[in-house]
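Note: the block below is structure-v4.cif and it holds mmCIF, C-alpha atoms and all ligand atoms.
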data_structure
loop_
_atom_site.label_atom_id
_atom_site.label_comp_id
_atom_site.auth_asym_id
_atom_site.auth_seq_id
_atom_site.Cartn_x
_atom_site.Cartn_y
_atom_site.Cartn_z
CA MET A 1 102.93 106.63 88.45
CA PRO A 2 102.14 110.06 89.84
CA LEU A 3 101.04 112.45 87.11
CA VAL A 4 101.03 116.13 88.01
CA ARG A 5 98.22 118.02 86.33
CA LEU A 6 95.45 120.39 87.28
CA PRO A 7 92.83 118.35 89.16
CA ASP A 8 89.16 118.65 88.29
CA PHE A 9 86.40 119.16 90.87
CA LYS A 10 85.66 115.42 91.25
CA GLN A 11 89.34 114.68 91.92
CA ILE A 12 89.59 117.46 94.52
CA SER A 13 86.53 116.14 96.34
CA SER A 14 87.85 112.57 96.24
CA PHE A 15 91.20 113.80 97.63
CA ILE A 16 89.49 115.70 100.50
CA ARG A 17 87.38 112.64 101.27
CA HIS A 18 90.51 110.51 101.33
CA PHE A 19 92.27 113.00 103.65
CA PHE A 20 89.49 112.84 106.25
CA ILE A 21 88.96 109.10 106.30
CA SER A 22 92.61 107.97 106.15
CA SER A 23 93.93 106.17 109.17
CA ALA A 24 97.58 107.21 109.35
CA GLY A 25 99.79 104.76 111.20
CA GLY A 26 97.18 102.03 111.16
CA HIS A 27 94.74 103.35 113.78
CA GLY A 28 91.35 101.80 113.25
CA VAL A 29 92.79 98.77 111.44
CA HIS A 30 90.78 95.75 112.61
CA SER A 31 91.97 92.39 111.29
CA PRO A 32 95.33 90.95 112.39
CA PHE A 33 96.25 90.64 108.70
CA ALA A 34 95.58 94.33 108.00
CA TYR A 35 97.48 95.26 111.14
CA ARG A 36 100.48 93.21 109.98
CA LEU A 37 100.36 94.87 106.58
CA CYS A 38 100.48 98.26 108.27
CA GLU A 39 103.35 97.40 110.56
CA GLU A 40 105.45 95.33 108.18
CA VAL A 41 104.78 96.91 104.80
CA PHE A 42 103.05 100.30 104.64
CA TYR A 43 104.52 102.00 107.71
CA ASN A 44 107.77 100.06 107.98
CA ASN A 45 110.96 102.09 107.64
CA ASN A 46 113.49 99.24 107.64
CA PHE A 47 116.36 100.05 105.34
CA PHE A 48 117.30 97.79 102.42
CA TYR A 49 120.61 98.23 100.65
CA GLU A 50 118.74 97.85 97.32
CA PHE A 51 116.84 101.08 97.96
CA GLU A 52 120.00 103.18 97.98
CA HIS A 53 121.30 101.41 94.91
CA LEU A 54 118.06 101.81 92.92
CA GLU A 55 117.53 105.43 93.97
CA THR A 56 121.03 106.20 92.62
CA ARG A 57 119.81 104.80 89.30
CA ARG A 58 116.68 107.00 89.49
CA ALA A 59 118.91 110.07 89.94
CA GLU A 60 120.96 109.00 86.88
CA LEU A 61 117.81 108.50 84.78
CA GLN A 62 116.59 111.96 85.79
CA LYS A 63 119.75 113.40 84.22
CA ASN A 64 119.74 111.19 81.11
CA ASN A 65 119.16 113.29 77.96
CA THR A 66 118.64 110.36 75.57
CA THR A 67 115.45 110.73 73.52
CA LEU A 68 113.17 107.79 72.83
CA ASN A 69 110.32 107.48 70.40
CA VAL A 70 107.51 106.09 72.57
CA GLU A 71 104.27 104.70 71.24
CA ASP A 72 101.75 104.75 74.12
CA LEU A 73 98.90 102.26 73.64
CA GLY A 74 97.03 103.42 76.74
CA ALA A 75 95.43 106.59 78.09
CA GLY A 76 98.76 108.41 77.62
CA SER A 77 100.32 111.04 79.81
CA LYS A 78 99.02 114.57 80.39
CA LEU A 79 102.54 115.80 81.11
CA LEU A 80 104.26 113.95 78.29
CA PRO A 81 101.92 114.30 75.32
CA ASN A 82 104.61 113.89 72.59
CA THR A 83 105.78 110.56 71.29
CA THR A 84 109.41 111.74 71.36
CA ARG A 85 110.34 111.86 75.04
CA LYS A 86 113.53 112.45 76.96
CA VAL A 87 114.47 109.71 79.42
CA SER A 88 114.92 112.46 82.04
CA SER A 89 111.31 113.68 81.56
CA ILE A 90 109.89 110.15 81.77
CA ALA A 91 111.97 109.52 84.92
CA LYS A 92 110.66 112.71 86.54
CA ASN A 93 107.02 112.57 85.44
CA GLY A 94 106.06 109.17 84.15
CA ILE A 95 107.18 106.44 86.52
CA SER A 96 106.36 105.20 90.02
CA ASN A 97 107.91 107.26 92.78
CA LYS A 98 110.20 106.01 95.54
CA VAL A 99 107.39 105.43 98.07
CA GLN A 100 105.27 103.37 95.64
CA SER A 101 108.19 101.22 94.44
CA GLN A 102 109.44 100.62 97.98
CA ILE A 103 106.01 99.46 99.19
CA LEU A 104 105.88 96.94 96.31
CA PHE A 105 109.40 95.79 97.25
CA ARG A 106 108.37 95.34 100.91
CA LEU A 107 105.21 93.43 99.91
CA ILE A 108 107.23 90.94 97.84
CA ASN A 109 109.92 90.67 100.48
CA TYR A 110 107.56 90.25 103.44
CA PHE A 111 105.22 87.68 101.83
CA ASP A 112 108.03 86.01 99.87
CA TYR A 113 106.05 86.51 96.65
CA LYS A 114 107.51 84.50 93.78
CA THR A 115 105.57 85.46 90.65
CA THR A 116 104.93 89.10 89.79
CA ILE A 117 103.24 90.68 86.78
CA GLU A 118 103.75 94.34 85.88
CA LEU A 119 101.49 95.98 83.29
CA GLY A 120 103.57 98.93 82.03
CA THR A 121 107.38 98.66 82.14
CA SER A 122 108.33 102.17 80.99
CA LEU A 123 112.02 102.74 81.90
CA GLY A 124 112.07 99.57 84.00
CA LEU A 125 113.18 101.14 87.29
CA ASN A 126 110.11 99.86 89.15
CA THR A 127 110.63 96.49 87.42
CA LEU A 128 114.09 96.36 89.05
CA TYR A 129 112.49 96.99 92.46
CA LEU A 130 110.08 94.08 91.81
CA ALA A 131 112.83 91.75 90.59
CA ARG A 132 115.39 92.55 93.26
CA ALA A 133 112.88 92.16 96.10
CA ASN A 134 113.07 88.39 95.58
CA LYS A 135 115.92 87.10 93.45
CA ASN A 136 114.35 83.61 93.54
CA GLY A 137 111.15 84.97 92.06
CA LYS A 138 110.25 85.96 88.52
CA VAL A 139 108.80 89.16 87.11
CA PHE A 140 106.82 89.32 83.86
CA SER A 141 106.80 92.93 82.71
CA LEU A 142 104.55 93.91 79.78
CA GLU A 143 105.03 97.03 77.66
CA GLY A 144 103.66 98.25 74.31
CA SER A 145 106.63 100.40 73.33
CA LYS A 146 109.51 98.39 71.83
CA ASN A 147 111.96 101.23 72.50
CA LEU A 148 111.05 101.27 76.20
CA ILE A 149 111.42 97.48 76.38
CA ALA A 150 114.89 97.76 74.81
CA PHE A 151 115.87 100.54 77.23
CA ALA A 152 114.54 98.67 80.30
CA SER A 153 116.22 95.37 79.27
CA GLU A 154 119.55 97.18 78.98
CA GLN A 155 119.10 98.70 82.46
CA ALA A 156 118.44 95.23 83.92
CA ARG A 157 121.42 93.71 82.10
CA LYS A 158 123.73 96.47 83.41
CA ILE A 159 123.03 95.53 87.01
CA ASN A 160 122.95 91.76 86.42
CA THR A 161 119.25 91.32 87.08
CA HIS A 162 118.13 88.27 85.14
CA ASN A 163 114.84 87.26 86.76
CA ILE A 164 112.71 89.50 84.50
CA GLU A 165 110.90 88.45 81.33
CA PHE A 166 110.05 91.53 79.28
CA ILE A 167 107.00 91.00 77.06
CA ALA A 168 106.46 93.43 74.17
CA GLY A 169 102.97 94.16 72.85
CA ASN A 170 99.50 95.34 73.76
CA PHE A 171 98.26 94.23 77.23
CA ASP A 172 94.93 93.33 75.60
CA GLN A 173 96.63 90.50 73.75
CA ARG A 174 99.75 89.76 75.81
CA LEU A 175 98.13 89.53 79.27
CA PRO A 176 95.67 86.70 78.41
CA GLU A 177 98.49 84.91 76.55
CA LEU A 178 100.77 85.15 79.60
CA LEU A 179 98.02 84.05 82.01
CA ASN A 180 97.44 80.96 79.87
CA THR A 181 101.02 79.89 80.52
CA ILE A 182 101.11 80.27 84.33
CA GLN A 183 99.23 78.49 87.14
CA THR A 184 98.94 81.54 89.37
CA PHE A 185 100.66 84.78 90.36
CA ASP A 186 101.34 86.48 93.70
CA LEU A 187 101.50 90.17 92.85
CA ALA A 188 100.20 92.12 89.86
CA TYR A 189 100.88 95.81 89.38
CA VAL A 190 98.48 97.40 86.89
CA ASP A 191 100.14 100.64 85.82
CA GLY A 192 99.15 101.47 82.26
CA ASN A 193 96.07 102.16 80.12
CA HIS A 194 94.13 104.18 82.71
CA HIS A 195 90.65 103.73 81.25
CA ARG A 196 87.79 102.32 83.31
CA GLU A 197 86.86 99.63 80.83
CA ALA A 198 90.46 98.45 80.25
CA THR A 199 91.28 98.48 84.00
CA LEU A 200 88.23 96.33 84.79
CA ARG A 201 89.02 93.98 81.92
CA TYR A 202 92.59 93.43 83.19
CA PHE A 203 91.19 92.91 86.71
CA HIS A 204 88.86 90.17 85.44
CA TYR A 205 91.63 88.48 83.45
CA LEU A 206 93.87 88.51 86.55
CA LEU A 207 91.11 87.20 88.84
CA GLU A 208 91.24 83.90 86.94
CA LYS A 209 94.74 83.24 88.30
CA VAL A 210 94.75 84.68 91.85
CA ASN A 211 95.59 82.50 94.84
CA GLU A 212 94.86 82.97 98.55
CA GLN A 213 97.98 85.13 99.01
CA SER A 214 97.71 87.24 95.86
CA CYS A 215 97.58 90.99 95.81
CA ILE A 216 96.64 93.18 92.84
CA VAL A 217 97.77 96.80 92.90
CA PHE A 218 96.20 99.46 90.66
CA ASP A 219 98.07 102.68 90.15
CA ASP A 220 96.47 106.11 89.63
CA ILE A 221 93.09 105.06 91.01
CA HIS A 222 92.03 108.72 91.32
CA TRP A 223 93.81 109.97 88.19
CA SER A 224 90.43 110.64 86.59
CA HIS A 225 86.78 110.25 87.47
CA GLU A 226 86.52 107.09 85.37
CA MET A 227 89.48 105.56 87.25
CA SER A 228 87.79 106.32 90.61
CA ILE A 229 84.69 104.53 89.29
CA ALA A 230 86.78 101.54 88.19
CA TRP A 231 88.37 101.40 91.68
CA GLU A 232 84.92 101.45 93.36
CA GLU A 233 83.80 98.53 91.18
CA ILE A 234 86.97 96.56 91.97
CA LYS A 235 86.55 97.14 95.73
CA GLN A 236 82.96 95.90 95.60
CA HIS A 237 83.80 92.67 93.75
CA PRO A 238 82.76 89.70 95.97
CA SER A 239 86.21 88.05 95.77
CA VAL A 240 87.95 91.13 97.23
CA ARG A 241 88.20 90.71 101.02
CA LEU A 242 90.41 93.72 101.83
CA SER A 243 91.10 96.90 99.87
CA ILE A 244 93.57 99.62 100.76
CA ASP A 245 93.44 103.08 99.17
CA THR A 246 96.58 105.19 99.52
CA TYR A 247 95.10 107.77 97.14
CA SER A 248 97.81 107.23 94.51
CA SER A 249 97.31 103.43 94.41
CA GLY A 250 94.77 100.78 95.41
CA TYR A 251 95.67 97.34 96.80
CA VAL A 252 93.29 94.38 96.89
CA PHE A 253 93.64 91.06 98.75
CA PHE A 254 91.58 87.87 98.44
CA ARG A 255 92.33 85.90 101.66
CA SER A 256 89.37 83.80 102.81
CA GLU A 257 90.58 84.17 106.45
CA LEU A 258 89.22 87.76 106.15
CA LYS A 259 85.61 86.94 106.92
CA GLU A 260 84.42 90.53 107.04
CA LYS A 261 85.05 92.64 103.93
CA GLN A 262 87.13 95.68 104.83
CA HIS A 263 88.05 98.92 102.97
CA LEU A 264 90.87 100.99 104.44
CA HIS A 265 92.44 104.32 103.58
CA PHE A 266 96.10 104.82 104.47
CA TRP A 267 97.75 108.19 104.44
CA LEU A 268 101.37 107.69 103.36
C1 LIG A 301 102.96 104.65 83.82
S1 LIG A 301 103.95 103.84 82.70
C2 LIG A 301 104.55 102.47 83.64
C3 LIG A 301 105.46 102.88 84.75
C4 LIG A 301 106.16 101.76 85.46
N1 LIG A 301 105.27 100.68 85.85
C5 LIG A 301 106.77 102.30 86.74
O1 LIG A 301 106.26 102.00 87.80
O2 LIG A 301 107.72 103.04 86.64
C6 LIG A 301 102.71 103.06 81.72
C7 LIG A 301 103.30 102.29 80.55
O3 LIG A 301 102.26 101.44 80.06
C8 LIG A 301 102.40 101.35 78.65
N2 LIG A 301 101.06 101.02 78.14
C9 LIG A 301 99.92 101.72 78.32
N3 LIG A 301 98.89 101.09 77.74
C10 LIG A 301 99.37 99.94 77.19
C11 LIG A 301 98.77 98.86 76.48
N4 LIG A 301 97.46 98.82 76.21
N5 LIG A 301 99.58 97.85 76.10
C12 LIG A 301 100.91 97.88 76.36
N6 LIG A 301 101.54 98.88 77.02
C13 LIG A 301 100.77 99.90 77.44
C14 LIG A 301 102.89 102.72 78.22
O4 LIG A 301 103.64 102.61 77.02
C15 LIG A 301 103.75 103.16 79.40
O5 LIG A 301 105.11 102.96 79.19
#

Re-express the file's structure as structure tokens.
Amino acid sequence: MPLVRLPDFKQISSFIRHFFISSAGGHGVHSPFAYRLCEEVFYNNNFFYEFEHLETRRAELQKNNTTLNVEDLGAGSKLLPNTTRKVSSIAKNGISNKVQSQILFRLINYFDYKTTIELGTSLGLNTLYLARANKNGKVFSLEGSKNLIAFASEQARKINTHNIEFIAGNFDQRLPELLNTIQTFDLAYVDGNHHREATLRYFHYLLEKVNEQSCIVFDDIHWSHEMSIAWEEIKQHPSVRLSIDTYSSGYVFFRSELKEKQHLHFWL
């Protein structure tokens, strides 16, 4: 979720650093796997009918004046500090943008990922991207606000999307409970509670159930200094073989075929 707010000095310097070391278009990408990711996922412009359909829904949400009482159990939003929020404001300022959602869609589609976990449902538009990328797969989407869960479930029902299980409650409790019921997962999108300690805790819970193909995506990795620190710690973890920093999000892969640990920056 991109959050617009005045950046502090540490964020500006991390952005400038990112700008200079990014390899736009995949130049400097070494392993065949990273090269494929570049070509097939990050810099692929193939059109999917679903994109048009889901972006029409985004435009509708951005005009929706319904108000919702939202209890945020995480770090909250700088732009949306009140608990009473208009759907239009959340759709403009509090959810993943088109580029982020479409990369997640392409990842699921390209690798035929079956089991996806989303931490932070919000309005559920990104959840629809995850679910519709593989209609034979299943998405578990966790959210602390009951009103958001109700809103997102209704959105999914309206467009006949039934491969989502919405789970209401605090990630701290619901994530370990969910992980106890599944063997493994393919993709996890961590997009809520942007505190260093919580982000690392969710990473360690998720690590217990990764497989060779899994990818974990962290949103807002440079949202604050403590999130940049959390991202550095995640990248350095011995099980992470490849990390990709797009500035707004960080992607980690665990494939043992990747003998040499690699950290890449992509400019999207
Ligand atoms: C940035 S929004 C999610 C956006 C959504 N993933 C998307 O891409 O559009 C983060 C959501 O996480 C929820 N959240 C934050 N911390 C939480 C926690 N500890 N437990 C449950 N939900 C939490 C908030 O209520 C909020 O709706």

Spatial neighbours of range 137-149 of chain A, max dist 7 Å, all atoms listed in the file, sep filter under 5 positions, as a VMD selection string: chain A and resid 68 to 73 114 to 123 130 to 131 163 to 171

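At a cut-off of 10 Å from (98.4, 87.6, 90.7), the residue set is Tyr113, Thr115, Thr116, Ile117, Glu118, Leu179, Gln183, Thr184, Phe185, Asp186, Leu187, Ala188, Tyr189, Phe203, Tyr205, Leu206, Leu207, Glu208, Lys209, Val210, Asn211, Glu212, Gln213, Ser214, Cys215, Ile216, Val217 and Phe253 of chain A (counting only C-alpha atoms).
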
Using the selection just defined, write its residues with C-alpha atoms as a compact mmCIF listing (two decimals), in the coordinates of the input.
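Produced file part24.txt, reproduced below:
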# COMPACT_ATOMS: atom_id res chain seq x y z
CA TYR A 113 106.05 86.51 96.65
CA THR A 115 105.57 85.46 90.65
CA THR A 116 104.93 89.10 89.79
CA ILE A 117 103.24 90.68 86.78
CA GLU A 118 103.75 94.34 85.88
CA LEU A 179 98.02 84.05 82.01
CA GLN A 183 99.23 78.49 87.14
CA THR A 184 98.94 81.54 89.37
CA PHE A 185 100.66 84.78 90.36
CA ASP A 186 101.34 86.48 93.70
CA LEU A 187 101.50 90.17 92.85
CA ALA A 188 100.20 92.12 89.86
CA TYR A 189 100.88 95.81 89.38
CA PHE A 203 91.19 92.91 86.71
CA TYR A 205 91.63 88.48 83.45
CA LEU A 206 93.87 88.51 86.55
CA LEU A 207 91.11 87.20 88.84
CA GLU A 208 91.24 83.90 86.94
CA LYS A 209 94.74 83.24 88.30
CA VAL A 210 94.75 84.68 91.85
CA ASN A 211 95.59 82.50 94.84
CA GLU A 212 94.86 82.97 98.55
CA GLN A 213 97.98 85.13 99.01
CA SER A 214 97.71 87.24 95.86
CA CYS A 215 97.58 90.99 95.81
CA ILE A 216 96.64 93.18 92.84
CA VAL A 217 97.77 96.80 92.90
CA PHE A 253 93.64 91.06 98.75

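When only C-alpha atoms and all ligand atoms are used to measure the gap to ligand LIG 301 (chain A), the shortest distance among A:Glu60, A:Glu154, A:Asp220, A:Glu257 belongs to A:Asp220.
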
Atomic distance CA of Ile234 in chain A - CA of His195 in chain A, expressed in Å with one decimal: 13.4 Å

Spatial neighbours of range 54-57 of chain A, 8 Å, only C-alpha atoms, chain gap at least 6 places, as number ranges by chain: A: 98, 125, 128-129

Supply range 231-252 of chain A as a CSV table (one decimal), in the frame of the given file, with N, CA and C atoms built in where the input has gaps.
chain,number,residue,atom,x,y,z
A,231,TRP,N,87.9,101.8,90.4
A,231,TRP,CA,88.4,101.4,91.7
A,231,TRP,C,87.2,101.0,92.6
A,232,GLU,N,86.1,101.8,92.6
A,232,GLU,CA,84.9,101.4,93.4
A,232,GLU,C,84.4,100.1,93.0
A,233,GLU,N,84.3,99.8,91.7
A,233,GLU,CA,83.8,98.5,91.2
A,233,GLU,C,84.7,97.4,91.6
A,234,ILE,N,86.0,97.6,91.6
A,234,ILE,CA,87.0,96.6,92.0
A,234,ILE,C,86.8,96.3,93.5
A,235,LYS,N,86.7,97.3,94.3
A,235,LYS,CA,86.6,97.1,95.7
A,235,LYS,C,85.3,96.3,96.1
A,236,GLN,N,84.2,96.6,95.3
A,236,GLN,CA,83.0,95.9,95.6
A,236,GLN,C,82.9,94.5,95.1
A,237,HIS,N,83.9,94.0,94.3
A,237,HIS,CA,83.8,92.7,93.8
A,237,HIS,C,83.8,91.6,94.9
A,238,PRO,N,82.9,90.6,94.8
A,238,PRO,CA,82.8,89.7,96.0
A,238,PRO,C,84.1,89.0,96.4
A,239,SER,N,85.0,88.8,95.4
A,239,SER,CA,86.2,88.0,95.8
A,239,SER,C,87.2,88.9,96.5
A,240,VAL,N,87.0,90.2,96.5
A,240,VAL,CA,88.0,91.1,97.2
A,240,VAL,C,87.6,91.2,98.7
A,241,ARG,N,88.5,90.7,99.6
A,241,ARG,CA,88.2,90.7,101.0
A,241,ARG,C,88.7,91.9,101.7
A,242,LEU,N,89.8,92.5,101.2
A,242,LEU,CA,90.4,93.7,101.8
A,242,LEU,C,90.9,94.6,100.7
A,243,SER,N,90.5,95.9,100.8
A,243,SER,CA,91.1,96.9,99.9
A,243,SER,C,91.7,98.0,100.7
A,244,ILE,N,92.8,98.5,100.1
A,244,ILE,CA,93.6,99.6,100.8
A,244,ILE,C,93.8,100.7,99.7
A,245,ASP,N,93.3,101.9,100.1
A,245,ASP,CA,93.4,103.1,99.2
A,245,ASP,C,94.5,104.0,99.8
A,246,THR,N,95.6,104.2,99.0
A,246,THR,CA,96.6,105.2,99.5
A,246,THR,C,96.5,106.5,98.7
A,247,TYR,N,95.4,106.7,98.1
A,247,TYR,CA,95.1,107.8,97.1
A,247,TYR,C,95.8,107.6,95.8
A,248,SER,N,97.1,107.4,95.8
A,248,SER,CA,97.8,107.2,94.5
A,248,SER,C,97.6,105.8,94.0
A,249,SER,N,97.5,104.8,94.9
A,249,SER,CA,97.3,103.4,94.4
A,249,SER,C,96.3,102.7,95.2
A,250,GLY,N,95.7,101.6,94.7
A,250,GLY,CA,94.8,100.8,95.4
A,250,GLY,C,95.3,99.3,95.4
A,251,TYR,N,95.2,98.7,96.6
A,251,TYR,CA,95.7,97.3,96.8
A,251,TYR,C,94.5,96.5,97.2
A,252,VAL,N,94.4,95.3,96.5
A,252,VAL,CA,93.3,94.4,96.9
A,252,VAL,C,93.8,93.0,97.2
